[in-house]
Every structure is written in C-alpha cells, then in structure tokens.
Amino acid sequence: MGPFGDFMTAKYLLREDANLTVAVGLQQFIQDPKDQQVALFAAGAILIAVPICALFFYLQKYFVTGLTAGGAKG
C-alpha cells in the first residue's frame with residue numbers, strides 16, 4: 001500500500017507539471033484510453049528502473065555485510 005499511497009498523494013497534491021513525481025508523469029502517458037502511449041510509458045519505466053537497479057547491485061555487498069554483522073550473537 002505504500003507505493004500506491006505515494007502515487008495518490010502526489011497525484012492530488014502536486015498540480016504544477018514541474019513538480020510532478022516520476023510515477024505521476026509516467027501515468028499521464030497511459031491516462032487517456034483513446035490515446036495511450038504505451039511505448040513511451042515502458043521506455044520511461046525502464047529508464048527509471050536502470051539506475052535504481054545499478055545502485056542496488058553496487059551497494060548490495062554493504063547491505064549483506066550489515067545484515068550478517070547484525071545477526072551475529074555475542
């Protein structure tokens with residue numbers, strides 16, 4: 001429910017196009033049933049996901065180290 005709430009909050013509180021979040025901006029591509037721009041929506045979703053995945057894979061070693069260090073008894 002967290003991401004859905006973040007989307008709904010941003011959609012109804014942010015009115016200027018310059019202040020929209022990425023999720024709300026991408027939703028505008030598929031909002032109109034007669035003129036859906038699915039290719040642009042998919043391309044935007046991939047462009048947003050790539051840096052997040054790269055950051056996760058780069059920082060994964062620190063995440064695992066922190067979990068194992070915190071799980072040790074002693």
# chains A, B, ... in the order shown; residues from 1 in each chain; ligands from 1

$ residues_around --residues "Gly44 in chain A" --least-positions-apart "3" --cutoff "10 Å" --atoms "only C-alpha atoms" --output "short mmCIF file (atom, residue, chain, number, x, y, z; two decimals) with N, CA, C and O atoms, in the first residue's frame"
data_model
loop_
_atom_site.label_atom_id
_atom_site.label_comp_id
_atom_site.auth_asym_id
_atom_site.auth_seq_id
_atom_site.Cartn_x
_atom_site.Cartn_y
_atom_site.Cartn_z
N VAL A 22 7.91 11.07 -10.78
CA VAL A 22 8.08 10.23 -11.97
C VAL A 22 6.86 9.35 -12.19
O VAL A 22 6.39 9.18 -13.32
N ALA A 23 6.33 8.78 -11.12
CA ALA A 23 5.17 7.89 -11.26
C ALA A 23 3.97 8.62 -11.84
O ALA A 23 3.27 8.10 -12.71
N GLY A 25 4.07 11.38 -13.64
CA GLY A 25 4.40 11.76 -15.01
C GLY A 25 4.25 10.60 -15.98
O GLY A 25 3.72 10.76 -17.08
N LEU A 26 4.68 9.41 -15.57
CA LEU A 26 4.52 8.24 -16.43
C LEU A 26 3.06 7.87 -16.59
O LEU A 26 2.64 7.41 -17.66
N PHE A 29 1.10 9.23 -19.56
CA PHE A 29 1.24 8.62 -20.88
C PHE A 29 0.12 7.63 -21.18
O PHE A 29 -0.22 7.41 -22.33
N VAL A 38 1.85 3.65 -24.82
CA VAL A 38 2.41 2.57 -24.02
C VAL A 38 3.91 2.45 -24.23
O VAL A 38 4.66 2.15 -23.30
N ALA A 39 4.39 2.68 -25.44
CA ALA A 39 5.82 2.58 -25.71
C ALA A 39 6.60 3.62 -24.90
O ALA A 39 7.65 3.31 -24.33
N LEU A 40 6.10 4.84 -24.83
CA LEU A 40 6.77 5.87 -24.03
C LEU A 40 6.70 5.54 -22.54
O LEU A 40 7.66 5.78 -21.81
N PHE A 41 5.58 4.99 -22.10
CA PHE A 41 5.44 4.58 -20.71
C PHE A 41 6.46 3.50 -20.36
O PHE A 41 7.14 3.58 -19.33
N LEU A 47 13.92 3.36 -18.05
CA LEU A 47 14.94 4.36 -17.76
C LEU A 47 14.99 4.72 -16.28
O LEU A 47 16.04 5.07 -15.76
N ILE A 48 13.87 4.63 -15.61
CA ILE A 48 13.85 4.91 -14.17
C ILE A 48 14.38 3.71 -13.38
O ILE A 48 15.05 3.87 -12.36
N ALA A 49 14.10 2.49 -13.85
CA ALA A 49 14.50 1.30 -13.12
C ALA A 49 15.99 1.00 -13.22
O ALA A 49 16.57 0.44 -12.29
#

$ closest_atom_pairs --of "range 17-71 of chain A" --to "range 5-11 of chain A" --cutoff "8 Å" --atoms "only C-alpha atoms" --output "Markdown table"
| residue | atom | partner | partner_atom | distance |
| --- | --- | --- | --- | --- |
| A:Leu20 | CA | A:Ala10 | CA | 7.1 |
| A:Thr21 | CA | A:Ala10 | CA | 6.8 |
| A:Ala23 | CA | A:Phe7 | CA | 6.5 |
| A:Val24 | CA | A:Lys11 | CA | 6.0 |

$ atom_distance --atom1 "CA of Glu16 in chain A" --atom2 "CA of Ala42 in chain A"
23.3 Å

$ select_by_dssp --residues "range 15-73 of chain A" --states "helix (DSSP H, G or I)" --output "PyMOL selection string"
chain A and resi 17-19+22-27+38-71

$ atom_distance --atom1 "CA of Gln28 in chain A" --atom2 "CA of Arg15 in chain A"
12.9 Å

$ decode --residues "range 53-66 of chain A" --atoms "all heavy atoms" --output "PDB file, in the first residue's frame"
ATOM      1  N   CYS A  53      18.401  -0.135 -10.065  1.00  0.00           N
ATOM      2  CA  CYS A  53      18.989  -1.485 -10.038  1.00  0.00           C
ATOM      3  C   CYS A  53      20.500  -1.418  -9.953  1.00  0.00           C
ATOM      4  O   CYS A  53      21.124  -2.197  -9.220  1.00  0.00           O
ATOM      5  CB  CYS A  53      18.565  -2.276 -11.275  1.00  0.00           C
ATOM      6  SG  CYS A  53      16.833  -2.711 -11.275  1.00  0.00           S
ATOM      7  N   ALA A  54      21.116  -0.514 -10.696  1.00  0.00           N
ATOM      8  CA  ALA A  54      22.576  -0.370 -10.650  1.00  0.00           C
ATOM      9  C   ALA A  54      23.036   0.028  -9.251  1.00  0.00           C
ATOM     10  O   ALA A  54      24.026  -0.516  -8.736  1.00  0.00           O
ATOM     11  CB  ALA A  54      23.029   0.655 -11.678  1.00  0.00           C
ATOM     12  N   LEU A  55      22.341   0.940  -8.630  1.00  0.00           N
ATOM     13  CA  LEU A  55      22.688   1.353  -7.268  1.00  0.00           C
ATOM     14  C   LEU A  55      22.518   0.201  -6.291  1.00  0.00           C
ATOM     15  O   LEU A  55      23.360  -0.003  -5.410  1.00  0.00           O
ATOM     16  CB  LEU A  55      21.822   2.542  -6.846  1.00  0.00           C
ATOM     17  CG  LEU A  55      22.134   3.152  -5.491  1.00  0.00           C
ATOM     18  CD1 LEU A  55      23.520   3.781  -5.506  1.00  0.00           C
ATOM     19  CD2 LEU A  55      21.089   4.193  -5.135  1.00  0.00           C
ATOM     20  N   PHE A  56      21.456  -0.577  -6.441  1.00  0.00           N
ATOM     21  CA  PHE A  56      21.246  -1.725  -5.563  1.00  0.00           C
ATOM     22  C   PHE A  56      22.375  -2.738  -5.704  1.00  0.00           C
ATOM     23  O   PHE A  56      22.927  -3.216  -4.715  1.00  0.00           O
ATOM     24  CB  PHE A  56      19.913  -2.396  -5.864  1.00  0.00           C
ATOM     25  CG  PHE A  56      19.725  -3.687  -5.125  1.00  0.00           C
ATOM     26  CD1 PHE A  56      19.425  -3.686  -3.776  1.00  0.00           C
ATOM     27  CD2 PHE A  56      19.881  -4.899  -5.769  1.00  0.00           C
ATOM     28  CE1 PHE A  56      19.261  -4.875  -3.083  1.00  0.00           C
ATOM     29  CE2 PHE A  56      19.722  -6.089  -5.098  1.00  0.00           C
ATOM     30  CZ  PHE A  56      19.415  -6.074  -3.749  1.00  0.00           C
ATOM     31  N   PHE A  57      22.749  -3.078  -6.942  1.00  0.00           N
ATOM     32  CA  PHE A  57      23.813  -4.062  -7.138  1.00  0.00           C
ATOM     33  C   PHE A  57      25.158  -3.541  -6.642  1.00  0.00           C
ATOM     34  O   PHE A  57      25.975  -4.298  -6.146  1.00  0.00           O
ATOM     35  CB  PHE A  57      23.904  -4.481  -8.601  1.00  0.00           C
ATOM     36  CG  PHE A  57      22.753  -5.343  -9.032  1.00  0.00           C
ATOM     37  CD1 PHE A  57      22.020  -5.020 -10.161  1.00  0.00           C
ATOM     38  CD2 PHE A  57      22.383  -6.458  -8.306  1.00  0.00           C
ATOM     39  CE1 PHE A  57      20.955  -5.804 -10.558  1.00  0.00           C
ATOM     40  CE2 PHE A  57      21.317  -7.245  -8.690  1.00  0.00           C
ATOM     41  CZ  PHE A  57      20.604  -6.923  -9.824  1.00  0.00           C
ATOM     42  N   TYR A  58      25.403  -2.250  -6.762  1.00  0.00           N
ATOM     43  CA  TYR A  58      26.645  -1.671  -6.268  1.00  0.00           C
ATOM     44  C   TYR A  58      26.709  -1.701  -4.743  1.00  0.00           C
ATOM     45  O   TYR A  58      27.750  -1.998  -4.158  1.00  0.00           O
ATOM     46  CB  TYR A  58      26.784  -0.232  -6.771  1.00  0.00           C
ATOM     47  CG  TYR A  58      27.999   0.460  -6.239  1.00  0.00           C
ATOM     48  CD1 TYR A  58      29.267   0.131  -6.694  1.00  0.00           C
ATOM     49  CD2 TYR A  58      27.884   1.458  -5.286  1.00  0.00           C
ATOM     50  CE1 TYR A  58      30.388   0.767  -6.199  1.00  0.00           C
ATOM     51  CE2 TYR A  58      28.997   2.108  -4.785  1.00  0.00           C
ATOM     52  CZ  TYR A  58      30.251   1.757  -5.246  1.00  0.00           C
ATOM     53  OH  TYR A  58      31.358   2.392  -4.757  1.00  0.00           O
ATOM     54  N   LEU A  59      25.602  -1.423  -4.085  1.00  0.00           N
ATOM     55  CA  LEU A  59      25.581  -1.353  -2.616  1.00  0.00           C
ATOM     56  C   LEU A  59      25.175  -2.657  -1.946  1.00  0.00           C
ATOM     57  O   LEU A  59      25.106  -2.722  -0.715  1.00  0.00           O
ATOM     58  CB  LEU A  59      24.634  -0.230  -2.174  1.00  0.00           C
ATOM     59  CG  LEU A  59      25.042   1.176  -2.603  1.00  0.00           C
ATOM     60  CD1 LEU A  59      23.970   2.173  -2.225  1.00  0.00           C
ATOM     61  CD2 LEU A  59      26.369   1.552  -1.995  1.00  0.00           C
ATOM     62  N   GLN A  60      24.930  -3.708  -2.714  1.00  0.00           N
ATOM     63  CA  GLN A  60      24.468  -4.969  -2.146  1.00  0.00           C
ATOM     64  C   GLN A  60      25.483  -5.588  -1.193  1.00  0.00           C
ATOM     65  O   GLN A  60      25.120  -6.147  -0.169  1.00  0.00           O
ATOM     66  CB  GLN A  60      24.145  -5.952  -3.261  1.00  0.00           C
ATOM     67  CG  GLN A  60      23.557  -7.253  -2.768  1.00  0.00           C
ATOM     68  CD  GLN A  60      23.205  -8.190  -3.904  1.00  0.00           C
ATOM     69  OE1 GLN A  60      23.570  -7.955  -5.041  1.00  0.00           O
ATOM     70  NE2 GLN A  60      22.511  -9.255  -3.589  1.00  0.00           N
ATOM     71  N   LYS A  61      26.769  -5.447  -1.486  1.00  0.00           N
ATOM     72  CA  LYS A  61      27.788  -6.035  -0.614  1.00  0.00           C
ATOM     73  C   LYS A  61      27.753  -5.402   0.776  1.00  0.00           C
ATOM     74  O   LYS A  61      27.940  -6.074   1.777  1.00  0.00           O
ATOM     75  CB  LYS A  61      29.169  -5.919  -1.235  1.00  0.00           C
ATOM     76  CG  LYS A  61      29.593  -4.521  -1.545  1.00  0.00           C
ATOM     77  CD  LYS A  61      30.921  -4.505  -2.266  1.00  0.00           C
ATOM     78  CE  LYS A  61      31.194  -3.100  -2.778  1.00  0.00           C
ATOM     79  NZ  LYS A  61      32.358  -3.045  -3.609  1.00  0.00           N
ATOM     80  N   TYR A  62      27.486  -4.104   0.832  1.00  0.00           N
ATOM     81  CA  TYR A  62      27.390  -3.435   2.128  1.00  0.00           C
ATOM     82  C   TYR A  62      26.121  -3.835   2.869  1.00  0.00           C
ATOM     83  O   TYR A  62      26.121  -3.952   4.098  1.00  0.00           O
ATOM     84  CB  TYR A  62      27.434  -1.921   1.945  1.00  0.00           C
ATOM     85  CG  TYR A  62      28.683  -1.452   1.251  1.00  0.00           C
ATOM     86  CD1 TYR A  62      28.626  -0.914  -0.016  1.00  0.00           C
ATOM     87  CD2 TYR A  62      29.926  -1.570   1.871  1.00  0.00           C
ATOM     88  CE1 TYR A  62      29.772  -0.493  -0.660  1.00  0.00           C
ATOM     89  CE2 TYR A  62      31.082  -1.155   1.238  1.00  0.00           C
ATOM     90  CZ  TYR A  62      31.000  -0.620  -0.029  1.00  0.00           C
ATOM     91  OH  TYR A  62      32.134  -0.211  -0.661  1.00  0.00           O
ATOM     92  N   PHE A  63      25.065  -4.044   2.143  1.00  0.00           N
ATOM     93  CA  PHE A  63      23.798  -4.467   2.747  1.00  0.00           C
ATOM     94  C   PHE A  63      23.941  -5.850   3.367  1.00  0.00           C
ATOM     95  O   PHE A  63      23.544  -6.079   4.508  1.00  0.00           O
ATOM     96  CB  PHE A  63      22.701  -4.459   1.675  1.00  0.00           C
ATOM     97  CG  PHE A  63      21.353  -4.863   2.185  1.00  0.00           C
ATOM     98  CD1 PHE A  63      20.669  -4.063   3.080  1.00  0.00           C
ATOM     99  CD2 PHE A  63      20.766  -6.040   1.774  1.00  0.00           C
ATOM    100  CE1 PHE A  63      19.420  -4.429   3.551  1.00  0.00           C
ATOM    101  CE2 PHE A  63      19.525  -6.413   2.236  1.00  0.00           C
ATOM    102  CZ  PHE A  63      18.848  -5.605   3.130  1.00  0.00           C
ATOM    103  N   VAL A  64      24.532  -6.790   2.640  1.00  0.00           N
ATOM    104  CA  VAL A  64      24.722  -8.152   3.145  1.00  0.00           C
ATOM    105  C   VAL A  64      25.686  -8.153   4.323  1.00  0.00           C
ATOM    106  O   VAL A  64      25.467  -8.844   5.315  1.00  0.00           O
ATOM    107  CB  VAL A  64      25.210  -9.079   2.010  1.00  0.00           C
ATOM    108  CG1 VAL A  64      25.607 -10.442   2.547  1.00  0.00           C
ATOM    109  CG2 VAL A  64      24.149  -9.214   0.951  1.00  0.00           C
ATOM    110  N   THR A  65      26.755  -7.358   4.253  1.00  0.00           N
ATOM    111  CA  THR A  65      27.707  -7.269   5.362  1.00  0.00           C
ATOM    112  C   THR A  65      27.021  -6.738   6.617  1.00  0.00           C
ATOM    113  O   THR A  65      27.249  -7.242   7.716  1.00  0.00           O
ATOM    114  CB  THR A  65      28.878  -6.349   4.977  1.00  0.00           C
ATOM    115  OG1 THR A  65      29.478  -6.831   3.783  1.00  0.00           O
ATOM    116  CG2 THR A  65      29.919  -6.299   6.079  1.00  0.00           C
ATOM    117  N   GLY A  66      26.177  -5.757   6.464  1.00  0.00           N
ATOM    118  CA  GLY A  66      25.463  -5.210   7.613  1.00  0.00           C
ATOM    119  C   GLY A  66      24.481  -6.189   8.217  1.00  0.00           C
ATOM    120  O   GLY A  66      24.324  -6.279   9.438  1.00  0.00           O
TER     121      GLY A  66
END
